[in-house]
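> Following this message is one structure expressed as structure tokens.
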Amino acid sequence: MSTIRITKQFNFETGHALYGYDGKCRNVHGHSYKLSVTVSGTPIDDSSHVKFGMVIDFTDLKKIVKEEIVDQFDHATVFNKNTPHVELAKELSDRGHHVILVDYQPTSEMMVIDFAERIQSRLTKNIQLFSIKLQETETSFAEWFANENE
């Protein structure tokens, strides 16, 4: 049977700051992110299976990405925990803001690596993560492809 790719798109709002960066993004700011997650596999060929003809139910893929990424990052501010931003993070957190501390510079490039790991850990063995595209602005995005990261 043929291998098919399935893509689901998501939107979320996240703030961040890039410590040590030499441009405007060193300041706390936010983006309306667009995330596209593509998985691949062969459609279920058992006609008695409730998901007959599907690689993965879009609802199941949505649940994974929503729990691992969207629910975590939406309306949060992300800082690298290994920078002086931890002081700002503590202040924001103490004031009731949703803050995420990560062990990487929160660029789109590093976020897609993190997101790939989170999603892969939840997929069944017959479904592979094919790619992730994280669009930060209308004209700027980072992409992750499984075949380049084996």
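The chains in the structure tokens are called A, B, ... from first to last as shown; in each chain the residues are counted from 1, and the ligands are counted from 1 in the order shown.
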Would you please give, as an MDAnalysis selection string, all residues of segment 73-128 of chain A that DSSP assigns to alpha helix (DSSP H) based on the backbone?
chainID A and resid 73 85:94 108:120
> Residues of segment 17-132 of chain A that have any atom at most 8 Å from an atom of segment 142-148 of chain A: could you tabulate them with the shortest-distance atom pair and the distance in Å to one decimal, using only C-alpha atoms, ordered by chain and increasing number, as CSV?

residue,atom,partner,partner_atom,distance
A:Ser108,CA,A:Ala142,CA,5.7
A:Glu109,CA,A:Ala142,CA,5.5
A:Val112,CA,A:Trp144,CA,6.3
A:Ile113,CA,A:Trp144,CA,7.0
A:Ala116,CA,A:Trp144,CA,7.6
A:Leu129,CA,A:Ala146,CA,6.6
A:Phe130,CA,A:Ala146,CA,5.3
A:Ser131,CA,A:Phe145,CA,4.4
A:Ile132,CA,A:Trp144,CA,5.1
> Separation of atom CA of Val99 of chain A and atom CA of Ile64 of chain A, in Å?
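Atom CA of Ile64 of chain A lies 21.2 Å from atom CA of Val99 of chain A.
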> I'd like the neighbourhood of Asn27 of chain A as a ChimeraX atom specification, where a residue qualifies if any of its atoms comes within 8 Å (using only C-alpha atoms), though same-chain residues fewer than 3 positions away should be ignored.
/A:17-18,24
> As a PyMOL selection string, please: every residue in segment 32-136 of chain A that a backbone DSSP assignment puts in strand (DSSP E).
chain A and resi 32-41+76-80+99-102+128-135
> Select, from A:His85, A:Lys63, A:Arg95, A:Arg26, the residue with the minimum atom-to-atom distance to Lys8 of chain A, counting only C-alpha atoms.
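Looking only at the distances to Lys8 of chain A, the closest residue turns out to be A:Lys63.
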> Report, in Å to a single decimal, how far apart atom CA of His31 of chain A and atom CA of Gly15 of chain A are.
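A separation of 6.3 Å between them.
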> When you count only C-alpha atoms, which of these residues is closest to Gln135 of chain A: A:Ala76, A:Met111, A:Val50, A:Cys25?
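Comparing A:Ala76, A:Met111, A:Val50, A:Cys25 against Gln135 of chain A, the winner is A:Met111.
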> Show me, as a ChimeraX atom specification, the residues that have an atom within 7 Å of Asn11 of chain A when counting only C-alpha atoms, minus same-chain residues fewer than 6 positions from it.
/A:32-35
> Just C-alpha atoms for this one: save the residues we selected as a PDB file, in the first residue's frame.

ATOM      1  CA  SER A  32       1.354  34.654  16.081  1.00  0.00           C
ATOM      2  CA  TYR A  33       2.907  31.293  15.231  1.00  0.00           C
ATOM      3  CA  LYS A  34       1.553  28.975  12.567  1.00  0.00           C
ATOM      4  CA  LEU A  35       2.616  25.357  13.025  1.00  0.00           C
TER       5      LEU A  35
END
> If we count only C-alpha atoms, what is near segment 69-71 of chain A at a cut-off of 8 Å, once residues fewer than 4 positions away on the same chain are taken out, given as a list of chain:residue names?
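Here the answer would be A:Phe10, A:Asn11, A:Phe12, A:Val65, A:Phe115, A:Arg118.
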> Could you jot down the atom CA of Lys66 of chain A to atom CA of Thr139 of chain A separation for me, Å, one decimal place?
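Straight-line distance from atom CA of Lys66 of chain A to atom CA of Thr139 of chain A works out to 24.1 Å.
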> So, with only C-alpha atoms as the atoms that count, which of A:Val102, A:Ile127, A:Val86, A:Leu92 lies closest to Asp60 of chain A?
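Under the stated criterion, the closest residue is A:Ile127.
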